[in-house]
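**Q** See target-v5.cif below, with mmCIF, C-alpha atoms and all ligand atoms.
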data_final
loop_
_atom_site.label_atom_id
_atom_site.label_comp_id
_atom_site.auth_asym_id
_atom_site.auth_seq_id
_atom_site.Cartn_x
_atom_site.Cartn_y
_atom_site.Cartn_z
CA MET A 165 0.00 0.00 0.00
CA GLN A 166 1.32 3.44 -0.81
CA VAL A 167 -0.08 6.84 0.00
CA SER A 168 2.02 9.23 -2.10
CA ALA A 169 1.66 9.28 -5.85
CA ALA A 170 5.14 8.83 -7.34
CA ILE A 171 5.37 9.40 -11.08
CA LEU A 172 7.01 6.45 -12.77
CA PRO A 173 9.64 7.24 -15.44
CA LEU A 174 7.92 5.50 -18.34
CA GLN A 175 10.79 6.15 -20.74
CA ALA A 176 13.30 4.37 -18.52
CA LEU A 177 10.82 1.51 -18.09
CA ARG A 178 10.28 1.30 -21.84
CA ALA A 179 14.06 1.13 -22.34
CA ALA A 180 14.33 -1.64 -19.75
CA PHE A 181 11.33 -3.79 -20.72
CA GLY A 182 10.49 -2.95 -24.34
CA LYS A 183 7.19 -4.42 -25.48
CA ARG A 184 6.65 -6.25 -22.19
CA LEU A 185 5.80 -2.87 -20.63
CA ARG A 186 2.11 -1.99 -20.74
CA PRO A 187 1.21 1.50 -19.49
CA GLY A 188 -2.21 2.31 -17.99
CA VAL A 189 -3.61 -1.18 -17.50
CA SER A 190 -6.88 -1.79 -15.67
CA ILE A 191 -6.07 -4.19 -12.85
CA ALA A 192 -9.59 -5.39 -11.99
CA ARG A 193 -9.50 -8.25 -14.50
CA TYR A 194 -6.37 -9.64 -12.88
CA THR A 195 -8.01 -9.90 -9.46
CA SER A 196 -10.47 -12.49 -8.17
CA ALA A 197 -12.69 -9.68 -6.82
CA ARG A 198 -12.69 -7.93 -10.21
CA ILE A 199 -12.08 -4.60 -8.45
CA GLY A 200 -9.43 -1.91 -8.82
CA GLY A 201 -8.28 1.04 -10.93
CA SER A 202 -5.39 1.16 -13.39
CA ALA A 203 -1.73 0.42 -12.90
CA ASP A 204 0.51 3.14 -14.34
CA ALA A 205 2.87 0.45 -15.61
CA LEU A 206 2.54 -3.31 -15.89
CA VAL A 207 5.27 -5.68 -17.03
CA ASP A 208 4.46 -9.23 -18.14
CA VAL A 209 6.88 -11.87 -16.85
CA HIS A 210 6.64 -15.40 -18.24
CA SER A 211 9.29 -17.32 -16.30
CA ALA A 212 11.19 -17.31 -13.02
CA GLU A 213 14.21 -15.97 -14.93
CA GLU A 214 12.20 -13.05 -16.33
CA LEU A 215 10.81 -12.33 -12.88
CA ALA A 216 14.32 -12.26 -11.40
CA GLU A 217 15.62 -9.98 -14.17
CA ALA A 218 12.69 -7.60 -13.83
CA ALA A 219 13.03 -7.39 -10.03
CA GLN A 220 16.77 -6.77 -10.30
CA MET A 221 16.23 -4.06 -12.91
CA LEU A 222 13.61 -2.28 -10.81
CA TRP A 223 15.75 -2.43 -7.67
CA LYS A 224 18.62 -0.96 -9.71
CA LEU A 225 16.36 1.85 -10.94
CA ASP A 226 15.11 2.22 -7.35
CA LEU A 227 11.48 1.95 -8.50
CA PRO A 228 8.82 0.40 -6.28
CA PHE A 229 7.04 -2.68 -7.61
CA ILE A 230 4.62 -5.40 -6.63
CA VAL A 231 4.35 -8.94 -7.96
CA LEU A 232 0.79 -9.81 -8.97
CA GLY A 233 -0.03 -13.52 -9.08
CA GLY A 234 -3.64 -14.71 -8.99
CA GLY A 235 -4.85 -11.46 -7.42
CA SER A 236 -6.98 -13.49 -5.05
CA ASN A 237 -6.09 -12.12 -1.66
CA MET A 238 -6.08 -8.40 -2.29
CA LEU A 239 -8.22 -5.32 -2.62
CA VAL A 240 -6.89 -2.89 -5.22
CA SER A 241 -7.89 0.76 -4.72
CA ASP A 242 -10.15 2.57 -7.18
CA ALA A 243 -7.34 5.09 -7.72
CA GLY A 244 -5.14 2.26 -9.00
CA VAL A 245 -1.50 1.36 -8.48
CA ARG A 246 1.48 3.71 -8.69
CA GLU A 247 4.10 0.98 -8.26
CA VAL A 248 5.19 -1.06 -11.29
CA VAL A 249 3.09 -4.25 -11.42
CA LEU A 250 4.97 -7.42 -12.41
CA LEU A 251 2.30 -9.78 -13.71
CA ASN A 252 3.68 -13.19 -12.81
CA GLN A 253 2.73 -15.65 -15.54
CA SER A 254 5.56 -18.09 -14.88
CA SER A 255 3.97 -21.54 -14.78
CA ARG A 256 6.49 -24.38 -15.11
CA VAL A 257 5.80 -27.43 -12.92
CA LYS A 258 8.18 -30.43 -12.54
CA PHE A 259 7.64 -33.53 -10.45
CA GLY A 260 10.52 -35.47 -8.86
CA ASP A 261 11.20 -39.08 -9.89
CA GLU A 262 9.68 -42.19 -8.23
CA SER A 263 12.17 -42.12 -5.36
CA GLN A 264 11.57 -38.43 -4.68
CA PRO A 265 7.94 -37.49 -4.07
CA THR A 266 8.38 -33.76 -4.65
CA VAL A 267 7.09 -31.06 -6.96
CA TRP A 268 9.02 -27.99 -8.05
CA ALA A 269 7.14 -25.11 -9.64
CA GLU A 270 7.62 -21.54 -10.67
CA SER A 271 5.93 -19.02 -8.39
CA GLY A 272 3.27 -18.05 -10.94
CA ALA A 273 1.93 -21.61 -11.21
CA SER A 274 -1.58 -22.14 -9.83
CA LEU A 275 -1.49 -23.90 -6.44
CA GLY A 276 -4.80 -25.67 -7.10
CA ALA A 277 -3.55 -26.93 -10.46
CA ILE A 278 -0.34 -28.26 -8.84
CA ALA A 279 -2.48 -30.08 -6.25
CA ARG A 280 -4.67 -31.65 -8.94
CA GLN A 281 -1.66 -32.74 -11.03
CA ALA A 282 -0.10 -34.27 -7.92
CA ALA A 283 -3.31 -36.23 -7.27
CA ARG A 284 -3.18 -37.70 -10.80
CA LYS A 285 0.35 -38.93 -10.07
CA GLY A 286 -0.67 -40.52 -6.77
CA LEU A 287 1.13 -37.84 -4.76
CA GLY A 288 -0.59 -36.61 -1.62
CA GLY A 289 0.03 -33.73 0.78
CA LEU A 290 -1.79 -31.00 -1.11
CA GLU A 291 -5.37 -32.23 -0.72
CA TRP A 292 -6.24 -29.10 1.31
CA ALA A 293 -5.07 -26.89 -1.55
CA ALA A 294 -7.33 -28.20 -4.34
CA GLY A 295 -9.88 -25.38 -4.03
CA ILE A 296 -7.51 -22.54 -3.13
CA PRO A 297 -7.32 -19.86 -5.80
CA GLY A 298 -4.07 -18.07 -6.60
CA THR A 299 -0.46 -18.90 -7.31
CA LEU A 300 2.22 -20.86 -5.48
CA GLY A 301 4.12 -17.60 -4.88
CA GLY A 302 1.13 -15.86 -3.37
CA ALA A 303 0.36 -18.92 -1.25
CA LEU A 304 3.93 -18.92 0.05
CA VAL A 305 3.96 -15.21 0.90
CA GLY A 306 0.62 -15.49 2.74
CA ASN A 307 1.10 -19.04 4.08
CA ALA A 308 -2.21 -20.00 2.48
CA GLY A 309 -4.11 -22.78 4.12
CA ALA A 310 -7.41 -24.57 4.50
CA HIS A 311 -8.84 -27.70 6.16
CA GLY A 312 -5.95 -27.94 8.64
CA GLY A 313 -3.19 -27.77 6.02
CA ASN A 314 -1.03 -24.86 4.98
CA LEU A 315 1.94 -24.11 2.80
CA SER A 316 4.53 -24.05 5.59
CA MET A 317 3.73 -27.74 6.27
CA VAL A 318 4.79 -28.88 2.79
CA LEU A 319 7.56 -26.46 1.86
CA ASP A 320 10.91 -28.06 1.11
CA LEU A 321 12.85 -25.13 -0.29
CA ALA A 322 11.93 -21.78 -1.80
CA ASP A 323 14.12 -20.05 -4.38
CA ILE A 324 14.18 -16.45 -3.26
CA LEU A 325 15.73 -13.39 -4.87
CA HIS A 326 16.73 -11.04 -2.06
CA ARG A 327 17.30 -7.37 -2.78
CA GLU A 328 20.67 -7.27 -0.96
CA LYS A 329 21.73 -10.92 -0.77
CA GLY A 330 20.82 -12.12 -4.28
CA LYS A 331 19.59 -15.68 -4.92
CA LEU A 332 18.95 -17.75 -1.79
CA GLN A 333 17.32 -21.05 -0.97
CA TRP A 334 15.11 -20.74 2.05
CA SER A 335 13.43 -23.48 4.04
CA ALA A 336 10.39 -23.04 6.27
CA PRO A 337 12.33 -21.75 9.33
CA ASP A 338 14.04 -19.08 7.17
CA LEU A 339 10.62 -17.88 6.03
CA ALA A 340 9.45 -17.58 9.66
CA PHE A 341 5.88 -18.61 8.82
CA LYS A 342 2.98 -17.67 11.06
CA TYR A 343 -0.76 -18.02 10.56
CA ARG A 344 -1.36 -16.52 7.06
CA GLU A 345 2.04 -14.78 7.21
CA SER A 346 5.69 -15.18 6.28
CA TRP A 347 8.86 -13.10 6.40
CA LEU A 348 8.07 -12.10 2.80
CA LYS A 349 4.67 -10.66 3.77
CA ARG A 350 6.17 -8.77 6.70
CA ASN A 351 9.01 -7.33 4.56
CA PRO A 352 7.38 -6.12 1.34
CA GLY A 353 9.76 -5.07 -1.42
CA GLN A 354 12.77 -6.89 0.08
CA ALA A 355 12.59 -10.18 -1.83
CA VAL A 356 10.57 -12.10 -4.41
CA VAL A 357 9.76 -15.82 -4.65
CA LEU A 358 11.01 -17.28 -7.93
CA SER A 359 10.03 -20.92 -7.44
CA ALA A 360 9.62 -23.52 -4.73
CA GLN A 361 9.89 -27.24 -4.11
CA LEU A 362 7.19 -28.95 -2.05
CA ALA A 363 7.49 -32.29 -0.27
CA LEU A 364 4.72 -34.75 -1.14
CA SER A 365 4.04 -38.37 -0.22
CA HIS A 366 3.05 -41.48 -2.21
CA SER A 367 -0.61 -42.30 -1.77
CA ALA A 368 -3.48 -43.94 -3.68
CA GLU A 369 -4.97 -41.59 -6.26
CA ARG A 370 -8.45 -42.73 -5.23
CA GLU A 371 -7.86 -41.71 -1.61
CA ILE A 372 -6.36 -38.35 -2.53
CA ARG A 373 -9.31 -37.60 -4.78
CA ALA A 374 -11.87 -38.66 -2.16
CA GLN A 375 -10.25 -36.30 0.36
CA MET A 376 -10.15 -33.44 -2.16
CA ASP A 377 -13.80 -34.00 -3.07
CA THR A 378 -14.81 -33.84 0.59
CA PHE A 379 -12.97 -30.52 1.04
CA LEU A 380 -14.36 -29.09 -2.22
CA ALA A 381 -17.91 -30.09 -1.23
CA TYR A 382 -17.46 -28.34 2.15
CA ARG A 383 -16.30 -25.17 0.39
CA ARG A 384 -19.24 -25.26 -2.02
CA LEU A 385 -21.61 -25.59 0.90
CA THR A 386 -20.09 -22.91 3.14
CA GLN A 387 -18.46 -20.37 0.81
CA PRO A 388 -20.21 -18.21 -1.79
CA PRO A 389 -19.40 -18.48 -5.50
CA GLY A 390 -18.78 -15.28 -7.44
CA ALA A 391 -16.22 -12.50 -7.29
CA SER A 392 -14.61 -12.02 -3.87
CA MET A 393 -11.25 -11.74 -2.15
CA GLY A 394 -11.54 -15.04 -0.25
CA SER A 395 -11.41 -14.78 3.53
CA MET A 396 -11.35 -11.06 4.38
CA PHE A 397 -10.06 -11.26 7.97
CA LYS A 398 -7.77 -13.66 9.79
CA ASN A 399 -9.56 -15.78 12.34
CA PRO A 400 -8.87 -14.36 15.81
CA PRO A 401 -7.35 -16.95 18.18
CA GLY A 402 -9.96 -19.53 19.14
CA ASP A 403 -12.76 -17.95 17.14
CA SER A 404 -13.87 -17.39 13.57
CA ALA A 405 -14.16 -14.03 11.79
CA GLY A 406 -17.20 -15.32 9.88
CA ARG A 407 -19.00 -16.33 13.08
CA LEU A 408 -18.26 -12.95 14.72
CA ILE A 409 -19.49 -10.97 11.72
CA GLU A 410 -22.65 -13.07 11.63
CA ALA A 411 -23.19 -12.57 15.39
CA ALA A 412 -22.77 -8.81 14.88
CA GLY A 413 -25.71 -8.96 12.47
CA LEU A 414 -23.79 -7.93 9.38
CA LYS A 415 -24.30 -10.85 6.99
CA GLY A 416 -25.94 -9.55 3.83
CA LYS A 417 -25.03 -5.90 4.56
CA ARG A 418 -24.59 -4.02 1.31
CA ILE A 419 -22.87 -0.77 0.40
CA GLY A 420 -23.15 0.14 -3.27
CA ASN A 421 -22.48 -3.09 -5.13
CA ALA A 422 -20.32 -4.57 -2.39
CA GLN A 423 -21.92 -7.02 0.02
CA ILE A 424 -20.97 -9.15 3.01
CA SER A 425 -22.01 -12.61 1.85
CA PRO A 426 -25.33 -13.79 3.28
CA LEU A 427 -23.76 -17.30 3.27
CA HIS A 428 -20.37 -16.68 4.95
CA GLY A 429 -19.65 -13.56 7.00
CA ASN A 430 -15.93 -13.48 6.13
CA PHE A 431 -16.53 -13.27 2.37
CA PHE A 432 -17.14 -9.85 0.84
CA LEU A 433 -18.69 -9.98 -2.63
CA ASN A 434 -18.53 -7.84 -5.72
CA LEU A 435 -22.11 -7.94 -7.01
CA GLY A 436 -21.05 -6.13 -10.20
CA GLU A 437 -18.74 -3.13 -10.72
CA ALA A 438 -18.33 -2.73 -6.95
CA ARG A 439 -15.97 0.04 -5.90
CA ALA A 440 -13.01 -0.62 -3.63
CA VAL A 441 -14.14 2.20 -1.31
CA ASP A 442 -17.46 0.44 -0.80
CA VAL A 443 -15.68 -2.81 0.11
CA PHE A 444 -13.48 -0.76 2.44
CA ALA A 445 -16.55 0.80 4.08
CA LEU A 446 -17.86 -2.72 4.74
CA ILE A 447 -14.49 -3.70 6.22
CA GLN A 448 -14.70 -0.73 8.60
CA ALA A 449 -18.33 -1.50 9.47
CA ALA A 450 -17.44 -5.12 10.31
CA ARG A 451 -14.41 -4.10 12.37
CA ARG A 452 -16.38 -1.49 14.33
CA ALA A 453 -19.34 -3.77 15.03
CA VAL A 454 -17.19 -6.73 16.13
CA GLN A 455 -15.03 -4.43 18.29
CA ALA A 456 -18.08 -2.75 19.87
CA GLN A 457 -20.02 -5.96 20.53
CA PHE A 458 -17.26 -8.46 21.36
CA GLY A 459 -14.15 -6.35 22.10
CA ILE A 460 -12.23 -8.22 19.37
CA GLU A 461 -10.08 -6.44 16.80
CA LEU A 462 -10.34 -8.15 13.41
CA GLU A 463 -7.09 -8.17 11.45
CA LEU A 464 -7.15 -8.09 7.66
CA GLU A 465 -6.02 -11.25 5.90
CA ILE A 466 -6.15 -9.61 2.48
CA GLU A 467 -3.68 -6.95 1.40
CA LEU A 468 -4.69 -3.44 0.46
CA VAL A 469 -2.89 -2.70 -2.80
CA GLY A 470 -2.46 0.59 -4.61
CA GLU A 471 -3.13 4.16 -3.65
CA TRP A 472 -5.32 4.62 -0.59
CA GLN A 473 -6.08 7.80 1.35
CA PRO A 474 -3.92 8.15 4.50
CA SER A 475 -7.05 7.62 6.68
CA HIS A 476 -7.30 4.07 5.31
N1 LIG B 501 -19.34 -19.56 10.76
C1 LIG B 501 -20.46 -18.90 11.18
N2 LIG B 501 -20.98 -17.93 10.35
C2 LIG B 501 -20.42 -17.63 9.15
C3 LIG B 501 -19.26 -18.32 8.75
C4 LIG B 501 -18.73 -19.29 9.57
O1 LIG B 501 -20.99 -19.13 12.26
O2 LIG B 501 -20.96 -16.75 8.46
C5 LIG B 501 -18.79 -20.63 11.63
C6 LIG B 501 -18.90 -21.99 10.97
O3 LIG B 501 -20.14 -22.57 11.22
C7 LIG B 501 -17.75 -22.75 11.61
C8 LIG B 501 -16.70 -21.66 11.89
O4 LIG B 501 -17.39 -20.42 11.83
O5 LIG B 501 -18.13 -23.30 12.83
C9 LIG B 501 -15.57 -21.67 10.87
O6 LIG B 501 -16.09 -21.44 9.56
P1 LIG B 501 -15.53 -22.23 8.28
O7 LIG B 501 -15.49 -23.69 8.55
O8 LIG B 501 -16.30 -21.75 7.10
O9 LIG B 501 -14.04 -21.81 8.18
P2 LIG B 501 -13.36 -20.38 8.31
O10 LIG B 501 -12.61 -20.37 9.60
O11 LIG B 501 -14.29 -19.27 8.06
C10 LIG B 501 -11.09 -21.09 7.23
C11 LIG B 501 -10.15 -20.38 6.32
C12 LIG B 501 -10.57 -20.59 4.87
C13 LIG B 501 -10.68 -22.07 4.58
C14 LIG B 501 -11.67 -22.69 5.56
C15 LIG B 501 -11.78 -24.19 5.39
C16 LIG B 501 -9.32 -18.37 7.46
C17 LIG B 501 -9.50 -16.92 7.70
N3 LIG B 501 -10.20 -18.95 6.63
O12 LIG B 501 -12.35 -20.44 7.10
O13 LIG B 501 -9.57 -20.08 4.07
O14 LIG B 501 -11.13 -22.28 3.26
O15 LIG B 501 -11.21 -22.44 6.91
O16 LIG B 501 -10.61 -24.79 5.83
O17 LIG B 501 -8.39 -18.97 7.99
C18 LIG B 501 -8.87 -18.16 2.95
O18 LIG B 501 -7.98 -18.10 3.78
O19 LIG B 501 -9.02 -17.31 2.01
C19 LIG B 501 -9.83 -19.21 3.06
C20 LIG B 501 -10.87 -19.29 2.27
#
So that I can check it, write out the structure of this file as structure tokens.
Ligand code: EPU

**A**
Amino acid sequence: MQVSAAILPLQALRAAFGKRLRPGVSIARYTSARIGGSADALVDVHSAEELAEAAQMLWKLDLPFIVLGGGSNMLVSDAGVREVVLLNQSSRVKFGDESQPTVWAESGASLGAIARQAARKGLGGLEWAAGIPGTLGGALVGNAGAHGGNLSMVLDLADILHREKGKLQWSAPDLAFKYRESWLKRNPGQAVVLSAQLALSHSAEREIRAQMDTFLAYRRLTQPPGASMGSMFKNPPGDSAGRLIEAAGLKGKRIGNAQISPLHGNFFLNLGEARAVDVFALIQAARRAVQAQFGIELELEIELVGEWQPSH
């Protein structure tokens, strides 16, 4: 999130990235909520190597940037994004041989797709991830999880490009994972994830699929379809953000075309052309009501991206 509007030097960016630079790109279509204004500059990256080169170039030019993966855990402001957006379309996936039940993938690969490919090969460990939207890189930064599993539990090694230290291989302790958090989330702009290797286990395809189907059915029953950001708030210790928002009487509350899902209180929906400020007003309403009625401060799970007023 940034509050001051820096003007990006488009000529220098054009010289660095050529045709891969796209100025003035509407970001909404790259997010799962389908919300957000334009990015001043977007650069397409198609591989881990291109991502590393682009990050290095931007650090050299001292220009701020964000890496956009699946856009599934963020709310982009209506005013848009003043940092350079690196659109991570890297997608290579490689499985280890028989003796090594592992998968290595570039950070732009879809986590759900990796989980489904693993199932087809009789490799378990990612059953919880089948229905999670977004990329491996995003999942690693935010320690994505569901149904008792999370990324920190399966990470073998992550290939990281660190602004000062260059290329590093980090294991789970280096990434200092917490609930829906990692070192990378707490230190924005300091490093990017290029790729990662996950540890899997041999298992019967039938069993893996049965487990995935159970999880997917639970999601279909409890979570709304349609455009949203996924879980809006982290669950406070020992409780659930959805339950608290429901108990505060806010399920179904609507501002403009943004609505707190009538099905699950921690999902905020875009009913069609919703504005980010309207979603933000719902966030504030939920926080205030839960604070006033239960004395609990809800913490955002999603990231606010782009240019927001200082009061936000
Ligand atoms: N609940 C309510 N009212 C609601 C919603 C939920 O009373 O409106 C109650 C449910 O009845 C249940 C409890 O709250 O007893 C927990 O709800 P649920 O099982 O739906 O799980 P959750 O805690 O809301 C978490 C993750 C999800 C993940 C599911 C399933 C967080 C913030 N959310 O949701 O992850 O899919 O468990 O494992 O940790 C995500 O992080 O984006 C995400 C979708």

**Q** From the options A:Ile372, A:Ala355, A:Asn307, A:Ala340, which residue's atoms come nearest to ligand LIG 501 (chain B), counting only C-alpha atoms and all ligand atoms?

**A** A:Asn307

**Q** Counting only C-alpha atoms and all ligand atoms, which residues in chain A sit no more than 6 Å from ligand LIG 501 (chain B)? For each one, give the nearest pair of atoms and the distance in Å, sorted by chain then residue number, as a tab-separated table.

**A**
residue	atom	partner	partner_atom	distance
A:Ala310	CA	B:LIG501	O16	3.5
A:His311	CA	B:LIG501	O16	3.4
A:Thr386	CA	B:LIG501	O8	5.6
A:Gly394	CA	B:LIG501	O19	4.1
A:Ser395	CA	B:LIG501	O19	3.8
A:Phe397	CA	B:LIG501	C17	5.7
A:Lys398	CA	B:LIG501	C17	4.2
A:Asn399	CA	B:LIG501	C17	4.8
A:Ser404	CA	B:LIG501	O4	5.0
A:Gly406	CA	B:LIG501	C3	3.8
A:Arg407	CA	B:LIG501	C1	3.5
A:Glu410	CA	B:LIG501	O2	5.1
A:Leu427	CA	B:LIG501	O2	5.9
A:His428	CA	B:LIG501	O2	3.6
A:Gly429	CA	B:LIG501	O2	3.7

**Q** Would you please work out which residue, of A:Pro352, A:Pro400, A:Pro389, A:Gly234, is nearest to A:Gly272 when using only C-alpha atoms?

**A**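 Of A:Pro352, A:Pro400, A:Pro389, A:Gly234, the one nearest A:Gly272 is A:Gly234, counting only C-alpha atoms.
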
**Q** For a quick check of understanding, using all atoms listed in the file, which of A:Gly235, A:Pro401, A:Pro388, A:Pro297 has the smallest distance to A:Tyr343?

**A**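 Distance minimum relative to A:Tyr343 lands on A:Pro401.
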
**Q** Near A:Ser392, within 12 Å and counting only C-alpha atoms, which residues show up once chain neighbours fewer than 4 positions away are dropped, as a tab-separated table (two decimals) with C-alpha atoms, in the frame of the given file?

**A**
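around-v8.tsv, written as the output of this step:
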chain	number	residue	atom	x	y	z
A	192	ALA	CA	-9.59	-5.39	-11.99
A	195	THR	CA	-8.01	-9.90	-9.46
A	196	SER	CA	-10.47	-12.49	-8.17
A	197	ALA	CA	-12.69	-9.68	-6.82
A	198	ARG	CA	-12.69	-7.93	-10.21
A	199	ILE	CA	-12.08	-4.60	-8.45
A	235	GLY	CA	-4.85	-11.46	-7.42
A	236	SER	CA	-6.98	-13.49	-5.05
A	237	ASN	CA	-6.09	-12.12	-1.66
A	238	MET	CA	-6.08	-8.40	-2.29
A	239	LEU	CA	-8.22	-5.32	-2.62
A	297	PRO	CA	-7.32	-19.86	-5.80
A	387	GLN	CA	-18.46	-20.37	0.81
A	388	PRO	CA	-20.21	-18.21	-1.79
A	396	MET	CA	-11.35	-11.06	4.38
A	421	ASN	CA	-22.48	-3.09	-5.13
A	422	ALA	CA	-20.32	-4.57	-2.39
A	423	GLN	CA	-21.92	-7.02	0.02
A	424	ILE	CA	-20.97	-9.15	3.01
A	425	SER	CA	-22.01	-12.61	1.85
A	428	HIS	CA	-20.37	-16.68	4.95
A	430	ASN	CA	-15.93	-13.48	6.13
A	431	PHE	CA	-16.53	-13.27	2.37
A	432	PHE	CA	-17.14	-9.85	0.84
A	433	LEU	CA	-18.69	-9.98	-2.63
A	434	ASN	CA	-18.53	-7.84	-5.72
A	435	LEU	CA	-22.11	-7.94	-7.01
A	436	GLY	CA	-21.05	-6.13	-10.20
A	437	GLU	CA	-18.74	-3.13	-10.72
A	438	ALA	CA	-18.33	-2.73	-6.95
A	440	ALA	CA	-13.01	-0.62	-3.63
A	443	VAL	CA	-15.68	-2.81	0.11
A	466	ILE	CA	-6.15	-9.61	2.48

**Q** Which of these residues is nearest to A:Gln281, using only C-alpha atoms: A:Ser263, A:Ala363, A:Leu251, A:Glu369?

**A**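 Between A:Ser263, A:Ala363, A:Leu251, A:Glu369, the residue approaching A:Gln281 most closely is A:Glu369.
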
**Q** Using all atoms listed in the file, give me every residue within 12 Å of (11.0, 9.0, -12.0) in file coordinates, as a list in words.

**A** Ala169, Ala170, Ile171, Leu172, Pro173, Leu174, Gln175, Ala176, Leu177, Leu222, Leu225, Asp226, Leu227, Pro228, Arg246, Glu247 and Val248 of chain A

**Q** If you measure from atom CA of A:Ala269 to atom CA of A:Leu319, what distance in Å do you get, rounded to one decimal?

**A** 11.6 Å

**Q** In the coordinate frame of the file, compute which residues have an atom within 8 Å of (2.8, -5.1, -15.2) when using all atoms listed in the file, and state them as a PyMOL selection string.

**A** chain A and resi 185-186+189+203+205-208+248-251

**Q** Of the residues A:Thr266, A:Gln448, A:Ser335, A:Ser211, which is the one nearest to A:Ser365, using all atoms listed in the file?

**A** A:Thr266

**Q** Give the answer as one residue: which of A:Gln333, A:Arg184, A:Glu262, A:His366 has the shortest atom-to-atom distance to A:Gly289, using all atoms listed in the file?

**A**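 Smallest distance to A:Gly289 is found for A:His366.
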
**Q** Using only C-alpha atoms, determine which residues lie at most 7 Å from stretch 451-461 of chain A, disregarding the query and same-chain residues fewer than 2 positions distant; provide the list as a PyMOL selection string.

**A** chain A and resi 408-409+412+447-449+463

**Q** Quick one: write out the picked residues with C-alpha atoms as a JSON list (two decimals), keeping the file's coordinate frame?

**A**
[["chain", "number", "residue", "atom", "x", "y", "z"],
["A", 408, "LEU", "CA", -18.26, -12.95, 14.72],
["A", 409, "ILE", "CA", -19.49, -10.97, 11.72],
["A", 412, "ALA", "CA", -22.77, -8.81, 14.88],
["A", 447, "ILE", "CA", -14.49, -3.70, 6.22],
["A", 448, "GLN", "CA", -14.70, -0.73, 8.60],
["A", 449, "ALA", "CA", -18.33, -1.50, 9.47],
["A", 463, "GLU", "CA", -7.09, -8.17, 11.45]]

**Q** Quick one, how far is atom CA of A:Ala368 from atom CA of A:Leu287?

**A**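 Between atom CA of A:Ala368 and atom CA of A:Leu287 the gap works out to 7.7 Å.
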
**Q** For atom CA of A:Val356 and atom CA of A:Ala279, determine how far apart the two atoms are, in Å to one decimal place.

**A**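 Answer for the atom CA of A:Val356 to atom CA of A:Ala279 separation: 22.3 Å.
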